[in-house]
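Peer 1: Compact mmCIF, C-alpha atoms, file coords.txt:
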# COMPACT_ATOMS: atom_id res chain seq x y z
CA MET A 146 0.00 0.00 0.00
CA PHE A 147 1.27 3.49 -0.76
CA ASP A 148 2.56 5.91 1.86
CA PRO A 149 1.07 9.40 1.19
CA ARG A 150 4.07 11.00 2.92
CA ASP A 151 6.74 9.24 0.84
CA PRO A 152 8.46 11.79 -1.47
CA THR A 153 8.99 9.12 -4.12
CA PHE A 154 5.27 8.34 -4.15
CA LEU A 155 4.36 12.03 -4.21
CA ASP A 156 6.66 12.57 -7.17
CA ASP A 157 4.84 9.90 -9.20
CA PRO A 158 1.93 8.07 -7.52
CA TYR A 159 0.67 6.38 -10.68
CA PRO A 160 2.77 3.18 -10.62
CA ALA A 161 1.54 2.51 -7.06
CA PHE A 162 -2.04 3.06 -8.18
CA ALA A 163 -1.56 0.67 -11.11
CA ALA A 164 -0.20 -2.03 -8.80
CA LEU A 165 -3.23 -1.65 -6.53
CA ARG A 166 -5.63 -1.75 -9.48
CA GLU A 167 -4.14 -5.07 -10.62
CA ARG A 168 -4.96 -6.57 -7.19
CA GLY A 169 -8.53 -5.27 -7.00
CA GLU A 170 -10.80 -2.28 -7.46
CA VAL A 171 -11.18 -1.30 -3.78
CA HIS A 172 -8.72 -1.64 -0.89
CA PHE A 173 -8.67 -0.62 2.76
CA HIS A 174 -5.82 1.80 3.50
CA GLU A 175 -4.70 1.46 7.12
CA GLY A 176 -2.78 4.72 7.09
CA LEU A 177 -5.67 6.79 5.75
CA GLY A 178 -8.21 4.87 7.81
CA LEU A 179 -10.63 4.34 4.95
CA ALA A 180 -11.23 2.25 1.85
CA VAL A 181 -9.97 3.62 -1.46
CA ALA A 182 -11.44 2.96 -4.91
CA VAL A 183 -8.69 2.69 -7.52
CA SER A 184 -10.54 1.76 -10.72
CA HIS A 185 -12.61 4.10 -12.86
CA ALA A 186 -15.72 1.98 -12.34
CA ALA A 187 -15.32 1.88 -8.56
CA SER A 188 -14.50 5.60 -8.30
CA SER A 189 -17.50 6.47 -10.48
CA ALA A 190 -19.71 4.30 -8.27
CA VAL A 191 -18.41 6.06 -5.15
CA LEU A 192 -19.21 9.48 -6.63
CA ARG A 193 -22.66 8.48 -7.85
CA HIS A 194 -24.00 6.15 -5.14
CA ARG A 195 -26.84 7.74 -3.18
CA GLY A 196 -25.97 5.63 -0.17
CA LEU A 197 -22.67 7.51 0.04
CA GLY A 198 -22.72 11.15 1.06
CA ARG A 199 -20.62 14.10 2.11
CA ILE A 200 -21.48 13.92 5.80
CA TRP A 201 -19.73 16.81 7.51
CA GLN A 202 -18.37 16.23 10.99
CA ASP A 203 -17.18 19.32 12.82
CA ALA A 204 -13.47 19.51 13.58
CA GLN A 205 -12.95 19.13 17.32
CA PRO A 206 -12.87 20.78 19.76
CA LEU A 207 -15.61 23.10 18.56
CA GLU A 208 -14.26 26.17 20.31
CA ARG A 209 -10.90 25.73 18.57
CA PHE A 210 -12.33 25.44 15.04
CA ALA A 211 -15.39 27.70 15.09
CA SER A 212 -14.70 29.49 11.79
CA PHE A 213 -13.34 26.44 9.95
CA ASN A 214 -16.48 24.51 10.88
CA LEU A 215 -18.75 27.42 9.88
CA LEU A 216 -17.23 27.46 6.38
CA HIS A 217 -17.70 23.73 5.89
CA ARG A 218 -20.95 23.12 7.76
CA ASN A 219 -22.65 25.61 5.41
CA SER A 220 -20.84 24.59 2.23
CA LEU A 221 -22.41 23.17 -0.90
CA LEU A 222 -19.60 20.61 -1.02
CA GLU A 223 -20.26 19.25 2.47
CA ASN A 224 -24.03 18.85 2.30
CA GLU A 225 -26.41 16.28 0.88
CA PRO A 226 -30.06 16.66 -0.23
CA PRO A 227 -32.26 18.38 0.65
CA ALA A 228 -29.78 21.05 1.83
CA HIS A 229 -27.46 20.39 -1.12
CA THR A 230 -30.32 20.64 -3.62
CA ARG A 231 -31.34 24.06 -2.28
CA LEU A 232 -27.77 25.38 -2.12
CA ARG A 233 -26.85 24.14 -5.60
CA ARG A 234 -30.01 25.60 -7.13
CA LEU A 235 -29.25 29.02 -5.67
CA ILE A 236 -25.54 28.98 -6.50
CA ALA A 237 -26.00 27.55 -10.01
CA GLY A 238 -28.65 30.20 -10.60
CA ALA A 239 -26.16 32.92 -9.78
CA PHE A 240 -23.55 31.32 -12.09
CA GLY A 241 -26.19 30.97 -14.77
CA ARG A 242 -26.84 34.70 -14.94
CA GLY A 243 -24.12 35.14 -17.52
CA HIS A 244 -21.12 35.52 -15.23
CA VAL A 245 -18.91 32.99 -17.04
CA GLN A 246 -19.62 34.45 -20.49
CA ARG A 247 -19.22 37.97 -19.11
CA LEU A 248 -15.78 37.07 -17.79
CA ARG A 249 -14.49 35.24 -20.89
CA PRO A 250 -12.95 38.30 -22.68
CA MET A 251 -11.49 39.57 -19.42
CA VAL A 252 -9.89 36.17 -18.72
CA ALA A 253 -8.25 36.16 -22.16
CA THR A 254 -6.94 39.70 -21.64
CA LEU A 255 -5.60 38.86 -18.18
CA ALA A 256 -3.88 35.70 -19.42
CA THR A 257 -2.20 37.59 -22.26
CA ARG A 258 -0.98 40.33 -19.93
CA MET A 259 0.36 37.82 -17.41
CA VAL A 260 2.18 35.83 -20.08
CA ASP A 261 3.75 39.10 -21.28
CA ASP A 262 4.95 39.65 -17.70
CA LEU A 263 6.30 36.09 -17.62
CA ALA A 264 8.14 36.66 -20.89
CA ALA A 265 9.64 39.89 -19.55
CA ALA A 266 10.81 38.12 -16.39
CA ILE A 267 12.42 35.35 -18.46
CA ALA A 268 14.14 37.92 -20.67
CA ALA A 269 15.47 39.73 -17.61
CA ASP A 270 16.64 36.75 -15.54
CA GLY A 271 16.91 33.81 -17.93
CA SER A 272 14.07 31.93 -16.23
CA ALA A 273 10.96 32.70 -14.18
CA ASP A 274 8.34 30.95 -12.06
CA LEU A 275 5.25 30.28 -14.17
CA LEU A 276 3.19 29.70 -11.03
CA GLU A 277 4.07 33.15 -9.70
CA HIS A 278 3.47 35.01 -12.95
CA LEU A 279 0.48 33.12 -14.42
CA ALA A 280 -0.98 30.04 -12.76
CA GLN A 281 -1.54 31.60 -9.33
CA PRO A 282 -2.60 35.18 -10.16
CA LEU A 283 -4.94 34.32 -13.07
CA PRO A 284 -7.65 32.38 -11.17
CA VAL A 285 -7.40 34.76 -8.22
CA ALA A 286 -7.96 37.79 -10.44
CA VAL A 287 -10.92 36.06 -12.08
CA ILE A 288 -12.50 35.08 -8.77
CA ALA A 289 -11.91 38.60 -7.44
CA GLU A 290 -13.80 39.97 -10.45
CA LEU A 291 -16.53 37.37 -9.98
CA LEU A 292 -16.93 38.27 -6.31
CA GLY A 293 -16.54 41.99 -6.94
CA VAL A 294 -13.55 42.48 -4.62
CA PRO A 295 -10.33 44.43 -5.29
CA ALA A 296 -7.73 42.52 -7.28
CA THR A 297 -5.15 43.77 -4.77
CA ASP A 298 -6.79 41.55 -2.14
CA GLY A 299 -5.99 38.49 -4.26
CA PRO A 300 -2.57 37.57 -2.82
CA ARG A 301 -3.93 37.58 0.73
CA MET A 302 -6.90 35.42 -0.29
CA VAL A 303 -4.45 32.92 -1.80
CA GLN A 304 -2.51 32.77 1.48
CA LEU A 305 -5.73 32.16 3.40
CA SER A 306 -6.88 29.49 0.95
CA ASN A 307 -3.53 27.69 1.09
CA ALA A 308 -3.69 27.58 4.89
CA ILE A 309 -7.28 26.28 4.96
CA VAL A 310 -6.87 23.49 2.38
CA LYS A 311 -4.00 21.95 4.32
CA MET A 312 -6.70 20.71 6.74
CA TYR A 313 -7.77 18.28 4.00
CA GLU A 314 -4.48 16.41 4.23
CA TYR A 315 -3.81 13.58 6.67
CA ASP A 316 -1.73 13.94 9.87
CA LEU A 317 -1.56 17.75 9.72
CA PRO A 318 0.52 19.04 12.66
CA SER A 319 -1.18 21.12 15.37
CA GLU A 320 0.39 24.37 14.16
CA GLY A 321 -1.05 23.77 10.69
CA GLN A 322 -4.50 23.20 12.18
CA ASP A 323 -4.25 26.45 14.14
CA ALA A 324 -3.18 28.29 10.98
CA ALA A 325 -6.21 26.90 9.13
CA GLU A 326 -8.57 28.20 11.82
CA ARG A 327 -6.93 31.66 11.85
CA ALA A 328 -7.22 31.82 8.06
CA SER A 329 -10.86 30.73 8.22
CA ALA A 330 -11.68 33.42 10.77
CA GLU A 331 -10.03 36.12 8.66
CA PHE A 332 -11.83 34.91 5.53
CA VAL A 333 -15.21 34.90 7.30
CA SER A 334 -14.67 38.46 8.50
CA TYR A 335 -13.56 39.61 5.05
CA VAL A 336 -16.53 38.16 3.17
CA ARG A 337 -18.99 39.50 5.74
CA SER A 338 -17.59 42.99 5.27
CA VAL A 339 -17.89 42.66 1.47
CA ALA A 340 -21.46 41.37 1.77
CA ALA A 341 -22.39 44.29 4.04
CA ALA A 342 -21.03 46.73 1.44
CA ARG A 343 -22.95 44.99 -1.38
CA ALA A 344 -26.14 45.10 0.65
CA GLU A 345 -25.79 48.90 0.67
CA ALA A 346 -24.64 49.20 -2.94
CA PRO A 347 -25.26 46.09 -5.13
CA GLY A 348 -22.99 45.50 -8.13
CA ASP A 349 -22.62 43.22 -11.14
CA ASP A 350 -21.02 40.42 -9.14
CA ILE A 351 -21.95 37.06 -7.70
CA ILE A 352 -22.08 38.22 -4.08
CA SER A 353 -24.74 40.78 -5.04
CA ASP A 354 -26.63 37.97 -6.79
CA LEU A 355 -26.33 35.68 -3.79
CA LEU A 356 -27.57 38.42 -1.45
CA ARG A 357 -30.80 38.46 -3.47
CA SER A 358 -31.15 34.69 -3.01
CA GLU A 359 -32.43 32.68 -0.06
CA LEU A 360 -28.97 31.86 1.27
CA THR A 361 -28.43 32.50 4.97
CA PRO A 362 -25.58 34.88 5.88
CA ASP A 363 -23.37 31.93 6.90
CA GLU A 364 -24.19 30.06 3.66
CA LEU A 365 -23.26 33.12 1.62
CA VAL A 366 -19.91 33.38 3.40
CA ALA A 367 -19.23 29.66 2.94
CA THR A 368 -20.16 29.86 -0.75
CA ALA A 369 -17.88 32.80 -1.46
CA VAL A 370 -14.94 31.13 0.27
CA LEU A 371 -15.61 27.81 -1.50
CA LEU A 372 -15.60 29.57 -4.88
CA LEU A 373 -12.22 31.10 -4.13
CA MET A 374 -10.61 27.97 -2.67
CA ALA A 375 -11.97 25.48 -5.20
CA GLY A 376 -11.54 27.80 -8.16
CA HIS A 377 -8.02 28.81 -7.23
CA GLU A 378 -6.61 25.45 -6.15
CA ALA A 379 -7.97 23.51 -9.11
CA THR A 380 -6.84 25.95 -11.80
CA VAL A 381 -3.40 26.59 -10.30
CA ASN A 382 -2.65 22.89 -10.06
CA VAL A 383 -4.08 21.91 -13.45
CA LEU A 384 -1.87 24.58 -15.02
CA GLY A 385 1.19 23.67 -12.97
CA ASN A 386 0.87 19.91 -13.40
CA GLY A 387 -0.37 20.20 -16.97
CA ILE A 388 2.25 22.57 -18.35
CA THR A 389 4.94 20.44 -16.72
CA ALA A 390 3.48 17.44 -18.55
CA LEU A 391 3.32 19.28 -21.87
CA LEU A 392 6.91 20.48 -21.65
CA THR A 393 8.11 17.05 -20.51
CA HIS A 394 6.25 15.38 -23.38
CA ARG A 395 7.55 17.90 -25.89
CA ASP A 396 5.81 16.32 -28.87
CA GLN A 397 2.44 17.21 -27.33
CA TRP A 398 3.42 20.86 -26.81
CA GLU A 399 4.56 21.02 -30.45
CA ARG A 400 1.31 19.35 -31.46
CA LEU A 401 -0.70 22.06 -29.68
CA LEU A 402 1.34 24.80 -31.36
CA ALA A 403 0.66 23.24 -34.76
CA SER A 404 -3.05 22.53 -34.12
CA PRO A 405 -4.73 25.19 -31.94
CA SER A 406 -8.05 23.43 -32.61
CA LEU A 407 -6.91 20.82 -30.07
CA LEU A 408 -7.06 23.38 -27.24
CA ASP A 409 -10.31 22.13 -25.71
CA SER A 410 -9.30 18.46 -25.78
CA CYS A 411 -5.89 19.47 -24.42
CA VAL A 412 -7.56 21.07 -21.37
CA GLU A 413 -9.44 17.84 -20.65
CA GLU A 414 -6.33 15.70 -21.09
CA LEU A 415 -4.28 17.83 -18.70
CA ILE A 416 -6.99 17.46 -16.06
CA ARG A 417 -6.93 13.68 -16.57
CA PHE A 418 -3.21 13.09 -16.89
CA ASP A 419 -2.12 14.51 -13.52
CA ALA A 420 -5.21 15.15 -11.42
CA PRO A 421 -5.10 18.24 -9.17
CA LEU A 422 -7.43 16.54 -6.64
CA GLN A 423 -6.34 12.98 -5.95
CA LEU A 424 -8.91 11.83 -3.39
CA PHE A 425 -12.55 12.66 -2.67
CA GLU A 426 -14.13 11.16 0.46
CA ARG A 427 -17.69 9.91 0.97
CA THR A 428 -19.39 8.40 4.03
CA ALA A 429 -21.84 5.48 3.90
CA THR A 430 -25.33 6.35 5.15
CA GLU A 431 -26.22 2.65 4.80
CA ASP A 432 -24.28 -0.51 4.03
CA VAL A 433 -23.02 -0.01 0.46
CA SER A 434 -21.33 -2.41 -1.96
CA ILE A 435 -18.79 -0.89 -4.36
CA CYS A 436 -17.56 -3.44 -6.92
CA GLY A 437 -18.06 -6.19 -4.34
CA TYR A 438 -16.42 -4.33 -1.44
CA VAL A 439 -18.88 -3.60 1.39
CA VAL A 440 -18.60 -0.20 3.08
CA PRO A 441 -20.48 -0.45 6.40
CA ARG A 442 -22.80 2.35 7.41
CA GLY A 443 -20.85 5.19 9.01
CA GLU A 444 -17.54 4.20 7.40
CA LYS A 445 -15.71 6.22 4.75
CA ILE A 446 -14.49 5.43 1.27
CA GLY A 447 -12.41 7.63 -1.01
CA ALA A 448 -12.44 7.81 -4.78
CA LEU A 449 -8.80 7.96 -5.90
CA LEU A 450 -9.36 10.25 -8.88
CA GLY A 451 -5.75 10.03 -10.04
CA ALA A 452 -5.96 6.23 -10.10
CA ALA A 453 -9.28 6.30 -11.96
CA ALA A 454 -7.73 8.59 -14.57
CA ARG A 455 -5.11 5.98 -15.48
CA ASP A 456 -7.45 2.97 -15.72
CA PRO A 457 -6.59 1.07 -18.93
CA LYS A 458 -10.14 -0.30 -19.12
CA VAL A 459 -11.33 3.23 -19.89
CA PHE A 460 -8.31 5.02 -21.37
CA ASP A 461 -6.12 3.59 -24.15
CA GLU A 462 -2.46 3.86 -23.12
CA PRO A 463 -3.43 5.77 -19.97
CA ASP A 464 0.15 6.70 -19.05
CA ARG A 465 0.60 8.49 -22.38
CA LEU A 466 -0.22 12.20 -22.65
CA ASP A 467 -2.48 12.63 -25.69
CA ILE A 468 -3.90 16.14 -26.11
CA GLY A 469 -6.26 14.92 -28.82
CA ARG A 470 -7.77 12.19 -26.62
CA THR A 471 -11.50 11.80 -27.25
CA PRO A 472 -13.63 10.74 -25.57
CA ASN A 473 -12.06 11.62 -22.23
CA ALA A 474 -14.16 10.40 -19.31
CA HIS A 475 -11.93 11.80 -16.56
CA LEU A 476 -13.41 12.46 -13.12
CA GLY A 477 -11.41 15.61 -12.44
CA PHE A 478 -14.50 17.73 -11.80
CA GLY A 479 -16.33 14.99 -9.92
CA LEU A 480 -19.53 13.23 -10.91
CA GLY A 481 -23.14 13.13 -9.84
CA ILE A 482 -24.71 15.80 -7.64
CA HIS A 483 -21.31 17.08 -6.48
CA TYR A 484 -20.06 17.79 -9.99
CA CYS A 485 -18.06 21.03 -9.80
CA VAL A 486 -20.35 24.03 -10.34
CA GLY A 487 -17.33 26.11 -11.37
CA ALA A 488 -16.09 23.69 -14.05
CA PRO A 489 -17.05 25.94 -17.01
CA LEU A 490 -15.08 28.86 -15.55
CA ALA A 491 -12.06 26.67 -14.79
CA ARG A 492 -12.02 25.43 -18.39
CA VAL A 493 -12.09 29.02 -19.68
CA GLU A 494 -9.14 29.98 -17.46
CA ILE A 495 -7.00 26.96 -18.39
CA ALA A 496 -7.69 27.39 -22.11
CA ALA A 497 -6.89 31.12 -21.97
CA ALA A 498 -3.56 30.48 -20.22
CA LEU A 499 -2.52 27.76 -22.68
CA SER A 500 -3.56 29.86 -25.67
CA ALA A 501 -1.56 32.87 -24.48
CA LEU A 502 1.51 30.72 -23.77
CA ALA A 503 1.35 29.09 -27.20
CA GLU A 504 1.06 32.46 -28.92
CA LYS A 505 3.60 34.43 -26.89
CA LEU A 506 6.11 31.78 -25.76
CA PRO A 507 6.13 28.91 -28.27
CA GLY A 508 9.72 28.08 -27.26
CA LEU A 509 8.77 27.58 -23.61
CA ARG A 510 10.89 24.99 -21.78
CA LEU A 511 11.39 23.73 -18.26
CA ALA A 512 14.30 25.30 -16.40
CA GLY A 513 14.97 22.34 -14.14
CA THR A 514 12.85 19.76 -12.35
CA PRO A 515 9.92 21.51 -10.62
CA PRO A 516 9.62 20.74 -6.89
CA ARG A 517 6.36 19.18 -5.73
CA ARG A 518 4.26 20.28 -2.79
CA PRO A 519 4.55 17.75 0.08
CA GLU A 520 0.80 17.01 0.09
CA PHE A 521 -1.06 14.07 -1.40
CA VAL A 522 -4.77 14.99 -1.61
CA ILE A 523 -4.21 18.29 -3.43
CA ARG A 524 -1.48 17.60 -5.95
CA GLY A 525 0.59 20.51 -7.14
CA LEU A 526 3.96 22.20 -7.44
CA ARG A 527 5.78 24.63 -5.20
CA GLU A 528 7.45 26.30 -8.17
CA LEU A 529 7.57 25.92 -11.95
CA ARG A 530 10.60 27.67 -13.37
CA VAL A 531 10.57 27.97 -17.15
CA THR A 532 12.70 29.50 -19.86
CA ALA A 533 12.22 30.23 -23.54
The structure given in the file should be rewritten as structure tokens.
Peer 2:
Amino acid sequence: MFDPRDPTFLDDPYPAFAALRERGEVHFHEGLGLAVAVSHAASSAVLRHRGLGRIWQDAQPLERFASFNLLHRNSLLENEPPAHTRLRRLIAGAFGRGHVQRLRPMVATLATRMVDDLAAAIAADGSADLLEHLAQPLPVAVIAELLGVPATDGPRMVQLSNAIVKMYEYDLPSEGQDAAERASAEFVSYVRSVAAARAEAPGDDIISDLLRSELTPDELVATAVLLLMAGHEATVNVLGNGITALLTHRDQWERLLASPSLLDSCVEELIRFDAPLQLFERTATEDVSICGYVVPRGEKIGALLGAAARDPKVFDEPDRLDIGRTPNAHLGFGLGIHYCVGAPLARVEIAAALSALAEKLPGLRLAGTPPRRPEFVIRGLRELRVTA
């Protein structure tokens, strides 16, 4: 069984997943304390089964994690019907009021400007961090526009998000847990102040839309924070992991340069090839059988999305990067009722970044081996230095 703290595993978890898949579709992981589904069929069943839910349990003790629990207890991601149905209807309604299409030209302009900055930094120093100049600031600027908050607040929101999501990893030290609670408290206070301002002077932003909905004040705060955290983390890590893959598999980068019509399928393949979210937990509300493995009521099972994405029963030559791969039944945005509500916006951001890079920096290359973040659940890089 894999060790989620082993640097060798974190560098490339896919051989370990393949070995597990050959032995069976579901296994109990003693270290994680839950069963893990490693095939595409089993992971899909975990995500779709109505006997498996996102059953939130407050972090303990309550007085230590008041703000962290508020953000998750009221989150779309951590609720099941009927609460989930109501929250998703209200949030999807706000997204459906043209926000993604409204943002599309702005996203393209932002991506072009940021790639110009990246090119200038490379010209000045010989290499530059693509995460710093493009992958991190782009989704934050987009979410800031979506929420109607100053772009200058973006870097601080990223710091808060990074601190909070570390709580999703296993065996987080006490100081990391305290940092997550402090970040949650600051985020709650920030969004409440923005919501109060929008209540006085509504704007063309999603917080103003949500204020006109039936969301409670705590649900509005949780929704705004979820949009930032999910939107930022997913896009940053798809771009970081994906561009690393493209530049490592140089033929696929050259293929994209020669055939821009492959942009949309390239986005999907990058999400599949090195999944930014590796594990998604569910809890059994009744005894559930997943591919013959029984999950007793009250026990957890995780869909290993990275393992599902390399299942040879679904993907031909799954370890090969193929930017023209169609169909591409990856599970990177989830499945079922918890399918990512922000997926259309994430696709726009990733496509805009790739398009700008292809146009402005066709000679882009890695400037060394990029160091990985030391986390398993959220898979990403600490830095991505490139040259041209």
Peer 1: Please, what distance in Å, to one decimal, runs between CA of Leu408 (chain A) and CA of Ile468 (chain A)?
Peer 2: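 Computing the Euclidean distance for CA of Leu408 (chain A) and CA of Ile468 (chain A) yields 8.0 Å.
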Peer 1: Taking all atoms listed in the file into account, which of A:Ala496, A:Ala182, A:Leu177, A:Ala367 comes nearest Gly451 (chain A)?
Peer 2: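 Among the listed residues, A:Ala182 lies closest to Gly451 (chain A).
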Peer 1: Just checking: using only C-alpha atoms, which residue out of A:Glu431, A:Asp354, A:Glu378, A:Glu444 ends up closest to Ile309 (chain A)?
Peer 2: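 The shortest atom-to-atom distance to Ile309 (chain A) comes from A:Glu378.
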Peer 1: Which is closer to Ser358 (chain A) than all the others in A:Val245, A:Arg231, A:Leu317, A:Arg427, using only C-alpha atoms?
Peer 2: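 Under the stated criterion, the closest residue is A:Arg231.
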Peer 1: Using CA of Gly299 (chain A) and CA of Thr361 (chain A) as the two end points, give the distance in Å to one decimal.
Peer 2: 25.0 Å
Peer 1: Step by step: start from the point (-13.6, 35.8, 7.0) in the file's coordinates, keep every protein, DNA or RNA residue that has an atom no farther than 10 Å from it, count only C-alpha atoms, and write the set as a list in words.
Peer 2: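 The residues that fall inside the cut-off are Ser212, Phe213, Leu216, Met302, Leu305, Arg327, Ala328, Ser329, Ala330, Glu331, Phe332, Val333, Ser334, Tyr335, Val336, Arg337, Ser338, Val339, Val366, Ala367, Ala369 and Val370 of chain A.
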Peer 1: Do a neighbour search on Ala501 (chain A) at 7 Å with all atoms listed in the file, toss out local chain neighbours closer than 3 positions, and write the hits as a VMD selection string.
Peer 2: chain A and resid 256 to 257 260 497 to 498 504 to 505
Peer 1: So, counting all atoms listed in the file, which residue among A:Leu502, A:Asp298, A:Asn307, A:Met259 is closest to Pro405 (chain A)?
Peer 2: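 That would be A:Leu502, the residue with the smallest distance to Pro405 (chain A).
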Peer 1: Can you work out which one of A:Met146, A:Val171, A:Ala340, A:Leu490 has the shortest atom-to-atom distance to Gly293 (chain A), counting all atoms listed in the file?
Peer 2: A:Ala340
Peer 1: Would you mind listing what lies within 9 Å of Leu373 (chain A) as an MDAnalysis selection string, with only C-alpha atoms counted and same-chain residues fewer than 4 positions away left out?
Peer 2: chainID A and resid 284:285 288:289 292 302:303 306 368:369 377:378
